[in-house]
Amino acid sequence: MSFELTEDQQLIRSSVAELARKFDDQYWMEKDLAHEFPHEFYKAMADGGWLGITIPEEYGGHGLGITEASIILEEVSRSGGGMNAATAIHLSIFGMHPVVVHGSDELKQRTLPRIATGDLHVCFGVTEPGAGLDTSRITTFARRDGDHYVVNGRKVWISKAMESEKILLLTRTTRYDEVEKKTDGMTLFLTDIDRDHIDVRPIRKMGRNAVSSNELFIDDLRIPVEDRVGEEGKGFQYLLDGLNPERMLIAAEALGLGRVSLDRAVRYANERVVFDRPIGMNQGVQFPLADSLTHLDAAELVLRKATWLYDNGKPCGREANTAKYLCADAGFTAADRAIQTHGGMGYSEEYNVARYFREARVMKIAPISQEMILNFLGSHVMGMPRSY
């Protein structure tokens, strides 16, 4: 058993860290406060070739694994960019997995090279107001009309919809009460965001404001059959292929945010002098930070195991969910302690830890809540009765 990164993986980590350092806390604070997408950062990552890390080489990518993708997103988050930085590139780095595996050759050739170069912004359209985590209950419906589908419905919490040209959209093509298995009858499309038929409305939210979250109102959107991913009615199954790696990447982002929060807290604790001594000498300050270090280190080990299992074609559901749970918890706790270490200054925007705190909090909710992970582990891993 080896815990050491390969030379290539170490090079990826150092190269991404060096690039990300060019975008400092001031940059991210200004983008967050202005609610402005980080175009300069996105372009730098695209120009560096990092967006195509998991896209197959025949479509202009590097064809690497989820381990490499997790390293990139951890370093991006750890740079101080946090979730503003990670979300700006997250979907490009791995979100196209259903298209890579199940899309037609024509659809892949038409879209994947542009994603690899950063030319094409894409958002992910699954969540709906009336469905929440129960994806089987989505009601956005695609009706077949010759060589097109006509789509009507509503989506919510769609990140990057303001900037995106296309959407990976999950719809129903058979209604819920007409299928034997509740997850059947859903179809996935990668199609244009036609602003004449999709009304995009930003949601005011607590944090991560450099990247918008949006409601989408879809009225008579016509989608050509060529934009369908795989077979009609199997969209949910296609999404399942990406659930475990998605949780690993979120875990990596939470881990990076926890690391930078801890770094900032330690720096302040060493520099801030009260009662003629640095506050880091006080066990009431030092011990919570040391405790966060242990939890971040432990969470990272589970994440590394999870990505290794996935990249080697082994079952990884238990580890992927555990990694997301532990990294989200450890990252948020570290951010909370960073604020506490800074005292009143932590509540200001000047030291940035308030921004880290706001962004770390969402990791315990999205893309799946901590409680739903416990549901999974309790029923699917431990064999207890399903509680929901």
# chains A, B, ... in the order shown; residues from 1 in each chain; ligands from 1

$ residues_around --residues "region 305-318 of chain A" --least-positions-apart "6" --cutoff "12 Å" --atoms "only C-alpha atoms" --output "JSON, numbers by chain"
{"A": [1, 2, 3, 4, 5, 54, 63, 64, 65, 66, 67, 68, 69, 70, 71, 240, 241, 242, 243, 244, 245, 246, 247, 248, 249, 251, 252, 298, 299, 324, 325, 373, 374, 375, 376, 377, 378, 379, 380, 381, 382]}

$ write_last_selection --atoms "C-alpha atoms" --output "short mmCIF file (atom, residue, chain, number, x, y, z; two decimals), in the first residue's frame"
data_model
loop_
_atom_site.label_atom_id
_atom_site.label_comp_id
_atom_site.auth_asym_id
_atom_site.auth_seq_id
_atom_site.Cartn_x
_atom_site.Cartn_y
_atom_site.Cartn_z
CA MET A 1 0.00 0.00 0.00
CA SER A 2 1.45 3.35 -1.07
CA PHE A 3 0.19 6.79 -0.05
CA GLU A 4 2.66 8.63 -2.27
CA LEU A 5 1.56 10.57 -5.32
CA THR A 54 -10.38 13.78 -17.68
CA GLY A 63 -7.56 11.21 -20.44
CA LEU A 64 -6.47 11.12 -16.80
CA GLY A 65 -8.41 9.91 -13.77
CA ILE A 66 -10.47 11.24 -10.91
CA THR A 67 -7.39 11.28 -8.69
CA GLU A 68 -5.77 13.90 -10.89
CA ALA A 69 -9.02 15.86 -11.10
CA SER A 70 -9.35 15.84 -7.31
CA ILE A 71 -5.79 17.13 -6.92
CA LEU A 240 -25.36 7.37 -11.66
CA ASP A 241 -22.00 6.76 -13.34
CA GLY A 242 -20.88 10.17 -12.15
CA LEU A 243 -22.29 10.28 -8.62
CA ASN A 244 -19.32 8.75 -6.79
CA PRO A 245 -16.64 10.83 -8.55
CA GLU A 246 -18.80 13.93 -8.05
CA ARG A 247 -18.73 13.33 -4.30
CA MET A 248 -14.99 12.83 -4.40
CA LEU A 249 -14.45 16.15 -6.17
CA ALA A 251 -14.70 16.34 -0.92
CA ALA A 252 -11.45 17.57 -2.48
CA ALA A 298 -7.85 11.71 8.27
CA ALA A 299 -10.47 12.87 5.78
CA LYS A 324 -17.56 13.72 1.14
CA TYR A 325 -19.03 13.51 4.64
CA ILE A 373 -24.98 10.29 3.15
CA LEU A 374 -25.74 8.76 6.53
CA ASN A 375 -28.91 7.32 5.02
CA PHE A 376 -26.82 5.71 2.29
CA LEU A 377 -24.26 4.29 4.69
CA GLY A 378 -26.91 3.05 7.09
CA SER A 379 -28.97 1.19 4.51
CA HIS A 380 -26.59 0.31 1.67
CA VAL A 381 -23.43 -0.36 3.69
CA MET A 382 -24.67 -1.43 7.12
#

$ select_by_dssp --residues "region 127-318 of chain A" --states "strand (DSSP E or B)" --output "number ranges by chain"
A: 141-145, 148-159, 166-172, 186-192, 198-202, 213-224, 228-229, 234, 273-274, 277-278

$ closest_residue --among "A:Ala354, A:Ala330, A:Ile158, A:Ile138" --to "Thr173 (chain A)" --atoms "only C-alpha atoms"
A:Ile138

$ closest_residue --among "A:Asp199, A:Asp297, A:Asp8, A:Glu349" --to "Asp220 (chain A)" --atoms "only C-alpha atoms"
A:Asp199

$ atom_distance --atom1 "CA of Lys31 (chain A)" --atom2 "CA of Ala44 (chain A)"
15.7 Å

$ residues_around --residues "Asn270 (chain A)" --least-positions-apart "5" --cutoff "8 Å" --atoms "only C-alpha atoms" --output "ChimeraX atom specification"
/A:278-280

$ atom_distance --atom1 "CA of Ala46 (chain A)" --atom2 "CA of Ser14 (chain A)"
16.7 Å

$ residues_around --residues "region 282-285 of chain A" --least-positions-apart "3" --cutoff "12 Å" --atoms "only C-alpha atoms" --output "PyMOL selection string"
chain A and resi 262+265-266+268-270+272-279+288-292+337-343

$ write_last_selection --atoms "N, CA and C atoms" --output "PDB file, in the first residue's frame"
ATOM      1  N   LEU A 262      -7.260  26.763   7.779  1.00  0.00           N
ATOM      2  CA  LEU A 262      -6.332  26.436   8.857  1.00  0.00           C
ATOM      3  C   LEU A 262      -5.021  27.207   8.696  1.00  0.00           C
ATOM      4  N   ALA A 265      -5.561  30.708   9.871  1.00  0.00           N
ATOM      5  CA  ALA A 265      -5.735  30.760  11.321  1.00  0.00           C
ATOM      6  C   ALA A 265      -4.401  30.632  12.043  1.00  0.00           C
ATOM      7  N   VAL A 266      -3.565  29.715  11.579  1.00  0.00           N
ATOM      8  CA  VAL A 266      -2.254  29.514  12.199  1.00  0.00           C
ATOM      9  C   VAL A 266      -1.396  30.758  12.023  1.00  0.00           C
ATOM     10  N   TYR A 268      -2.371  33.862  11.683  1.00  0.00           N
ATOM     11  CA  TYR A 268      -2.860  34.927  12.563  1.00  0.00           C
ATOM     12  C   TYR A 268      -2.530  34.631  14.024  1.00  0.00           C
ATOM     13  N   ALA A 269      -2.669  33.360  14.422  1.00  0.00           N
ATOM     14  CA  ALA A 269      -2.377  32.985  15.815  1.00  0.00           C
ATOM     15  C   ALA A 269      -0.910  33.204  16.158  1.00  0.00           C
ATOM     16  N   ASN A 270      -0.023  33.070  15.189  1.00  0.00           N
ATOM     17  CA  ASN A 270       1.406  33.309  15.430  1.00  0.00           C
ATOM     18  C   ASN A 270       1.753  34.790  15.444  1.00  0.00           C
ATOM     19  N   ARG A 272      -0.620  37.521  15.999  1.00  0.00           N
ATOM     20  CA  ARG A 272      -1.435  38.372  16.855  1.00  0.00           C
ATOM     21  C   ARG A 272      -0.953  38.290  18.309  1.00  0.00           C
ATOM     22  N   VAL A 273      -0.579  39.424  18.864  1.00  0.00           N
ATOM     23  CA  VAL A 273      -0.066  39.471  20.231  1.00  0.00           C
ATOM     24  C   VAL A 273      -1.102  40.139  21.141  1.00  0.00           C
ATOM     25  N   VAL A 274      -1.483  39.428  22.197  1.00  0.00           N
ATOM     26  CA  VAL A 274      -2.383  39.947  23.225  1.00  0.00           C
ATOM     27  C   VAL A 274      -1.815  39.554  24.588  1.00  0.00           C
ATOM     28  N   PHE A 275      -1.828  40.457  25.543  1.00  0.00           N
ATOM     29  CA  PHE A 275      -1.213  40.218  26.852  1.00  0.00           C
ATOM     30  C   PHE A 275       0.264  39.829  26.701  1.00  0.00           C
ATOM     31  N   ASP A 276       0.922  40.514  25.738  1.00  0.00           N
ATOM     32  CA  ASP A 276       2.372  40.370  25.537  1.00  0.00           C
ATOM     33  C   ASP A 276       2.788  38.970  25.083  1.00  0.00           C
ATOM     34  N   ARG A 277       1.906  38.248  24.413  1.00  0.00           N
ATOM     35  CA  ARG A 277       2.259  36.917  23.904  1.00  0.00           C
ATOM     36  C   ARG A 277       1.391  36.603  22.685  1.00  0.00           C
ATOM     37  N   PRO A 278       1.938  35.859  21.717  1.00  0.00           N
ATOM     38  CA  PRO A 278       1.107  35.476  20.571  1.00  0.00           C
ATOM     39  C   PRO A 278      -0.045  34.583  21.041  1.00  0.00           C
ATOM     40  N   ILE A 279      -1.219  34.800  20.506  1.00  0.00           N
ATOM     41  CA  ILE A 279      -2.384  34.050  20.980  1.00  0.00           C
ATOM     42  C   ILE A 279      -2.248  32.561  20.689  1.00  0.00           C
ATOM     43  N   PRO A 288      -7.807  23.652  19.306  1.00  0.00           N
ATOM     44  CA  PRO A 288      -8.805  23.480  18.248  1.00  0.00           C
ATOM     45  C   PRO A 288      -8.201  23.437  16.849  1.00  0.00           C
ATOM     46  N   LEU A 289      -7.150  24.224  16.617  1.00  0.00           N
ATOM     47  CA  LEU A 289      -6.515  24.209  15.302  1.00  0.00           C
ATOM     48  C   LEU A 289      -5.770  22.894  15.069  1.00  0.00           C
ATOM     49  N   ALA A 290      -5.109  22.392  16.100  1.00  0.00           N
ATOM     50  CA  ALA A 290      -4.444  21.093  15.977  1.00  0.00           C
ATOM     51  C   ALA A 290      -5.462  19.983  15.749  1.00  0.00           C
ATOM     52  N   ASP A 291      -6.611  20.100  16.415  1.00  0.00           N
ATOM     53  CA  ASP A 291      -7.682  19.123  16.221  1.00  0.00           C
ATOM     54  C   ASP A 291      -8.182  19.146  14.773  1.00  0.00           C
ATOM     55  N   SER A 292      -8.330  20.334  14.208  1.00  0.00           N
ATOM     56  CA  SER A 292      -8.756  20.426  12.807  1.00  0.00           C
ATOM     57  C   SER A 292      -7.729  19.810  11.868  1.00  0.00           C
ATOM     58  N   ARG A 337     -13.360  27.621  12.979  1.00  0.00           N
ATOM     59  CA  ARG A 337     -12.297  27.881  13.948  1.00  0.00           C
ATOM     60  C   ARG A 337     -11.370  28.996  13.480  1.00  0.00           C
ATOM     61  N   ALA A 338     -11.232  29.136  12.175  1.00  0.00           N
ATOM     62  CA  ALA A 338     -10.422  30.244  11.660  1.00  0.00           C
ATOM     63  C   ALA A 338     -11.057  31.581  12.032  1.00  0.00           C
ATOM     64  N   ILE A 339     -12.376  31.667  11.920  1.00  0.00           N
ATOM     65  CA  ILE A 339     -13.061  32.885  12.340  1.00  0.00           C
ATOM     66  C   ILE A 339     -12.866  33.113  13.831  1.00  0.00           C
ATOM     67  N   GLN A 340     -13.033  32.061  14.622  1.00  0.00           N
ATOM     68  CA  GLN A 340     -12.899  32.195  16.073  1.00  0.00           C
ATOM     69  C   GLN A 340     -11.492  32.644  16.453  1.00  0.00           C
ATOM     70  N   THR A 341     -10.498  32.131  15.775  1.00  0.00           N
ATOM     71  CA  THR A 341      -9.112  32.510  16.046  1.00  0.00           C
ATOM     72  C   THR A 341      -8.884  33.993  15.760  1.00  0.00           C
ATOM     73  N   HIS A 342      -9.517  34.490  14.708  1.00  0.00           N
ATOM     74  CA  HIS A 342      -9.360  35.895  14.346  1.00  0.00           C
ATOM     75  C   HIS A 342     -10.197  36.821  15.227  1.00  0.00           C
ATOM     76  N   GLY A 343     -11.088  36.257  16.012  1.00  0.00           N
ATOM     77  CA  GLY A 343     -11.928  37.094  16.852  1.00  0.00           C
ATOM     78  C   GLY A 343     -12.806  38.011  16.026  1.00  0.00           C
TER      79      GLY A 343
END

$ closest_residue --among "A:Leu51, A:Val200, A:Val122, A:Met186" --to "Ser164 (chain A)" --atoms "only C-alpha atoms"
A:Val122

$ closest_residue --among "A:Asp105, A:Glu371, A:Asp134, A:Asp25" --to "Val260 (chain A)" --atoms "only C-alpha atoms"
A:Asp25

$ closest_residue --among "A:Ala323, A:Val156, A:Leu33, A:Ile223" --to "Arg201 (chain A)" --atoms "only C-alpha atoms"
A:Val156

$ select_by_dssp --residues "region 223-369 of chain A" --states "helix (DSSP H, G or I)" --output "ChimeraX atom specification"
/A:225-227,235-240,243-271,279-281,283-311,317-347,353-364

$ write_last_selection --atoms "C-alpha atoms" --output "short mmCIF file (atom, residue, chain, number, x, y, z; two decimals), in the first residue's frame"
data_model
loop_
_atom_site.label_atom_id
_atom_site.label_comp_id
_atom_site.auth_asym_id
_atom_site.auth_seq_id
_atom_site.Cartn_x
_atom_site.Cartn_y
_atom_site.Cartn_z
CA VAL A 225 -32.72 14.47 -31.22
CA GLU A 226 -28.98 14.72 -31.91
CA ASP A 227 -28.56 16.48 -28.55
CA GLY A 235 -30.88 9.40 -18.30
CA PHE A 236 -30.95 8.66 -14.58
CA GLN A 237 -28.81 5.54 -15.05
CA TYR A 238 -26.30 7.62 -17.00
CA LEU A 239 -26.09 10.13 -14.17
CA LEU A 240 -25.36 7.37 -11.66
CA LEU A 243 -22.29 10.28 -8.62
CA ASN A 244 -19.32 8.75 -6.79
CA PRO A 245 -16.64 10.83 -8.55
CA GLU A 246 -18.80 13.93 -8.05
CA ARG A 247 -18.73 13.33 -4.30
CA MET A 248 -14.99 12.83 -4.40
CA LEU A 249 -14.45 16.15 -6.17
CA ILE A 250 -16.69 17.99 -3.72
CA ALA A 251 -14.70 16.34 -0.92
CA ALA A 252 -11.45 17.57 -2.48
CA GLU A 253 -12.79 21.12 -2.71
CA ALA A 254 -13.95 21.04 0.92
CA LEU A 255 -10.55 19.66 1.94
CA GLY A 256 -8.74 22.49 0.16
CA LEU A 257 -11.00 25.09 1.76
CA GLY A 258 -10.33 23.58 5.18
CA ARG A 259 -6.58 23.64 4.54
CA VAL A 260 -6.48 27.30 3.57
CA SER A 261 -8.72 28.21 6.52
CA LEU A 262 -6.33 26.44 8.86
CA ASP A 263 -3.30 28.08 7.23
CA ARG A 264 -4.78 31.54 7.71
CA ALA A 265 -5.73 30.76 11.32
CA VAL A 266 -2.25 29.51 12.20
CA ARG A 267 -0.64 32.55 10.60
CA TYR A 268 -2.86 34.93 12.56
CA ALA A 269 -2.38 32.99 15.82
CA ASN A 270 1.41 33.31 15.43
CA GLU A 271 1.29 37.01 14.58
CA ILE A 279 -2.38 34.05 20.98
CA GLY A 280 -1.16 30.78 19.45
CA MET A 281 0.60 30.05 22.76
CA GLN A 283 -4.10 26.11 24.38
CA GLY A 284 -7.63 27.43 23.92
CA VAL A 285 -6.51 28.69 20.51
CA GLN A 286 -3.88 26.09 19.64
CA PHE A 287 -5.74 22.90 20.47
CA PRO A 288 -8.81 23.48 18.25
CA LEU A 289 -6.51 24.21 15.30
CA ALA A 290 -4.44 21.09 15.98
CA ASP A 291 -7.68 19.12 16.22
CA SER A 292 -8.76 20.43 12.81
CA LEU A 293 -5.41 19.36 11.37
CA THR A 294 -5.99 15.77 12.50
CA HIS A 295 -9.50 15.68 11.04
CA LEU A 296 -8.39 17.14 7.70
CA ASP A 297 -5.54 14.63 7.47
CA ALA A 298 -7.85 11.71 8.27
CA ALA A 299 -10.47 12.87 5.78
CA GLU A 300 -7.81 13.17 3.08
CA LEU A 301 -6.81 9.54 3.53
CA VAL A 302 -10.37 8.36 2.86
CA LEU A 303 -10.54 10.61 -0.19
CA ARG A 304 -7.29 9.21 -1.57
CA LYS A 305 -8.60 5.67 -1.09
CA ALA A 306 -11.87 6.55 -2.82
CA THR A 307 -10.22 8.06 -5.91
CA TRP A 308 -7.77 5.14 -6.14
CA LEU A 309 -10.64 2.65 -6.04
CA TYR A 310 -12.55 4.50 -8.75
CA ASP A 311 -9.56 4.88 -11.05
CA GLY A 317 -19.61 3.98 -3.03
CA ARG A 318 -18.83 3.59 0.66
CA GLU A 319 -15.53 5.46 0.41
CA ALA A 320 -16.85 8.20 -1.90
CA ASN A 321 -19.71 9.03 0.44
CA THR A 322 -17.51 8.81 3.53
CA ALA A 323 -14.94 11.11 1.97
CA LYS A 324 -17.56 13.72 1.14
CA TYR A 325 -19.03 13.51 4.64
CA LEU A 326 -15.70 13.78 6.46
CA CYS A 327 -14.12 16.41 4.22
CA ALA A 328 -17.20 18.64 4.31
CA ASP A 329 -17.37 18.41 8.10
CA ALA A 330 -13.63 18.92 8.63
CA GLY A 331 -13.48 21.78 6.13
CA PHE A 332 -16.39 23.64 7.69
CA THR A 333 -15.07 23.14 11.22
CA ALA A 334 -11.66 24.48 10.20
CA ALA A 335 -13.29 27.54 8.63
CA ASP A 336 -15.38 28.14 11.74
CA ARG A 337 -12.30 27.88 13.95
CA ALA A 338 -10.42 30.24 11.66
CA ILE A 339 -13.06 32.89 12.34
CA GLN A 340 -12.90 32.20 16.07
CA THR A 341 -9.11 32.51 16.05
CA HIS A 342 -9.36 35.90 14.35
CA GLY A 343 -11.93 37.09 16.85
CA GLY A 344 -13.77 40.21 15.76
CA MET A 345 -11.54 40.60 12.71
CA GLY A 346 -12.69 37.20 11.52
CA TYR A 347 -16.17 38.61 11.13
CA VAL A 353 -11.91 33.78 6.58
CA ALA A 354 -15.53 34.97 6.66
CA ARG A 355 -15.70 34.18 2.94
CA TYR A 356 -14.17 30.76 3.52
CA PHE A 357 -16.77 30.11 6.22
CA ARG A 358 -19.69 31.00 3.95
CA GLU A 359 -18.38 28.83 1.17
CA ALA A 360 -17.52 25.89 3.41
CA ARG A 361 -21.05 25.80 4.80
CA VAL A 362 -22.61 24.85 1.47
CA MET A 363 -20.43 21.73 1.30
CA LYS A 364 -22.54 20.16 4.04
#

$ residues_around --residues "Phe217 (chain A)" --least-positions-apart "3" --cutoff "12 Å" --atoms "only C-alpha atoms" --output "ChimeraX atom specification"
/A:125,128-129,140,151-158,161,193-202,214,220-221

$ write_last_selection --atoms "N, CA and C atoms" --output "mmCIF file, in the first residue's frame"
data_model
loop_
_atom_site.group_PDB
_atom_site.id
_atom_site.type_symbol
_atom_site.label_atom_id
_atom_site.label_comp_id
_atom_site.auth_asym_id
_atom_site.auth_seq_id
_atom_site.Cartn_x
_atom_site.Cartn_y
_atom_site.Cartn_z
ATOM 1 N N GLY A 125 -28.311 20.776 -15.288
ATOM 2 C CA GLY A 125 -29.713 21.033 -14.972
ATOM 3 C C GLY A 125 -30.457 19.799 -14.512
ATOM 4 N N GLU A 128 -34.885 20.336 -9.117
ATOM 5 C CA GLU A 128 -36.137 21.068 -9.301
ATOM 6 C C GLU A 128 -36.743 21.435 -7.958
ATOM 7 N N PRO A 129 -37.529 22.527 -7.923
ATOM 8 C CA PRO A 129 -38.094 22.988 -6.651
ATOM 9 C C PRO A 129 -38.962 21.952 -5.954
ATOM 10 N N THR A 140 -40.046 18.317 -15.161
ATOM 11 C CA THR A 140 -39.679 18.898 -16.457
ATOM 12 C C THR A 140 -39.816 17.813 -17.521
ATOM 13 N N VAL A 151 -39.621 20.837 -24.697
ATOM 14 C CA VAL A 151 -39.408 20.732 -23.255
ATOM 15 C C VAL A 151 -40.063 21.897 -22.524
ATOM 16 N N ASN A 152 -40.744 21.556 -21.423
ATOM 17 C CA ASN A 152 -41.314 22.549 -20.524
ATOM 18 C C ASN A 152 -41.028 22.130 -19.088
ATOM 19 N N GLY A 153 -40.708 23.109 -18.238
ATOM 20 C CA GLY A 153 -40.460 22.775 -16.841
ATOM 21 C C GLY A 153 -39.662 23.853 -16.133
ATOM 22 N N ARG A 154 -39.134 23.485 -14.993
ATOM 23 C CA ARG A 154 -38.434 24.445 -14.151
ATOM 24 C C ARG A 154 -37.274 23.750 -13.436
ATOM 25 N N LYS A 155 -36.147 24.418 -13.355
ATOM 26 C CA LYS A 155 -34.979 23.909 -12.635
ATOM 27 C C LYS A 155 -34.528 24.970 -11.622
ATOM 28 N N VAL A 156 -33.807 24.528 -10.604
ATOM 29 C CA VAL A 156 -33.364 25.462 -9.565
ATOM 30 C C VAL A 156 -31.972 25.083 -9.083
ATOM 31 N N TRP A 157 -31.243 26.072 -8.562
ATOM 32 C CA TRP A 157 -29.866 25.914 -8.091
ATOM 33 C C TRP A 157 -28.935 25.456 -9.223
ATOM 34 N N ILE A 158 -29.088 26.090 -10.362
ATOM 35 C CA ILE A 158 -28.275 25.747 -11.524
ATOM 36 C C ILE A 158 -27.085 26.705 -11.590
ATOM 37 N N ALA A 161 -25.392 29.100 -14.968
ATOM 38 C CA ALA A 161 -26.340 29.229 -16.077
ATOM 39 C C ALA A 161 -26.220 30.574 -16.774
ATOM 40 N N ILE A 193 -28.676 26.605 -24.439
ATOM 41 C CA ILE A 193 -29.556 27.421 -23.605
ATOM 42 C C ILE A 193 -30.120 28.520 -24.503
ATOM 43 N N ASP A 194 -31.275 28.244 -25.047
ATOM 44 C CA ASP A 194 -31.953 29.200 -25.926
ATOM 45 C C ASP A 194 -32.664 30.218 -25.040
ATOM 46 N N ARG A 195 -32.125 31.433 -24.970
ATOM 47 C CA ARG A 195 -32.653 32.450 -24.057
ATOM 48 C C ARG A 195 -34.062 32.900 -24.436
ATOM 49 N N ASP A 196 -34.507 32.590 -25.642
ATOM 50 C CA ASP A 196 -35.889 32.892 -26.007
ATOM 51 C C ASP A 196 -36.874 31.925 -25.356
ATOM 52 N N HIS A 197 -36.351 30.782 -24.906
ATOM 53 C CA HIS A 197 -37.230 29.768 -24.317
ATOM 54 C C HIS A 197 -36.798 29.338 -22.915
ATOM 55 N N ILE A 198 -35.672 29.856 -22.440
ATOM 56 C CA ILE A 198 -35.209 29.585 -21.075
ATOM 57 C C ILE A 198 -34.956 30.918 -20.382
ATOM 58 N N ASP A 199 -35.738 31.190 -19.367
ATOM 59 C CA ASP A 199 -35.571 32.400 -18.570
ATOM 60 C C ASP A 199 -34.670 32.068 -17.382
ATOM 61 N N VAL A 200 -33.507 32.708 -17.308
ATOM 62 C CA VAL A 200 -32.519 32.438 -16.261
ATOM 63 C C VAL A 200 -32.590 33.554 -15.222
ATOM 64 N N ARG A 201 -32.862 33.194 -13.963
ATOM 65 C CA ARG A 201 -33.007 34.196 -12.896
ATOM 66 C C ARG A 201 -32.057 33.856 -11.749
ATOM 67 N N PRO A 202 -31.094 34.728 -11.469
ATOM 68 C CA PRO A 202 -30.137 34.479 -10.377
ATOM 69 C C PRO A 202 -30.835 34.441 -9.017
ATOM 70 N N ASN A 214 -28.958 29.714 -10.094
ATOM 71 C CA ASN A 214 -30.090 30.267 -10.839
ATOM 72 C C ASN A 214 -31.318 29.362 -10.852
ATOM 73 N N ASP A 220 -41.403 25.621 -23.905
ATOM 74 C CA ASP A 220 -41.404 25.174 -25.310
ATOM 75 C C ASP A 220 -40.011 25.215 -25.931
ATOM 76 N N LEU A 221 -39.031 24.750 -25.181
ATOM 77 C CA LEU A 221 -37.668 24.641 -25.697
ATOM 78 C C LEU A 221 -37.593 23.464 -26.660
#

$ atom_distance --atom1 "CA of Thr183 (chain A)" --atom2 "CA of Ala131 (chain A)"
12.8 Å

$ decode --residues "region 221-251 of chain A" --atoms "C-alpha atoms" --output "CSV table (one decimal), in the first residue's frame"
chain,number,residue,atom,x,y,z
A,221,LEU,CA,-37.7,24.6,-25.7
A,222,ARG,CA,-37.0,22.6,-28.9
A,223,ILE,CA,-34.1,20.2,-28.6
A,224,PRO,CA,-32.9,18.2,-31.6
A,225,VAL,CA,-32.7,14.5,-31.2
A,226,GLU,CA,-29.0,14.7,-31.9
A,227,ASP,CA,-28.6,16.5,-28.5
A,228,ARG,CA,-29.9,13.5,-26.6
A,229,VAL,CA,-27.3,11.6,-24.5
A,230,GLY,CA,-27.6,7.9,-25.1
A,231,GLU,CA,-31.1,6.2,-25.2
A,232,GLU,CA,-34.4,7.8,-24.3
A,233,GLY,CA,-35.5,6.9,-20.8
A,234,LYS,CA,-32.1,6.0,-19.4
A,235,GLY,CA,-30.9,9.4,-18.3
A,236,PHE,CA,-31.0,8.7,-14.6
A,237,GLN,CA,-28.8,5.5,-15.0
A,238,TYR,CA,-26.3,7.6,-17.0
A,239,LEU,CA,-26.1,10.1,-14.2
A,240,LEU,CA,-25.4,7.4,-11.7
A,241,ASP,CA,-22.0,6.8,-13.3
A,242,GLY,CA,-20.9,10.2,-12.2
A,243,LEU,CA,-22.3,10.3,-8.6
A,244,ASN,CA,-19.3,8.8,-6.8
A,245,PRO,CA,-16.6,10.8,-8.6
A,246,GLU,CA,-18.8,13.9,-8.1
A,247,ARG,CA,-18.7,13.3,-4.3
A,248,MET,CA,-15.0,12.8,-4.4
A,249,LEU,CA,-14.4,16.1,-6.2
A,250,ILE,CA,-16.7,18.0,-3.7
A,251,ALA,CA,-14.7,16.3,-0.9
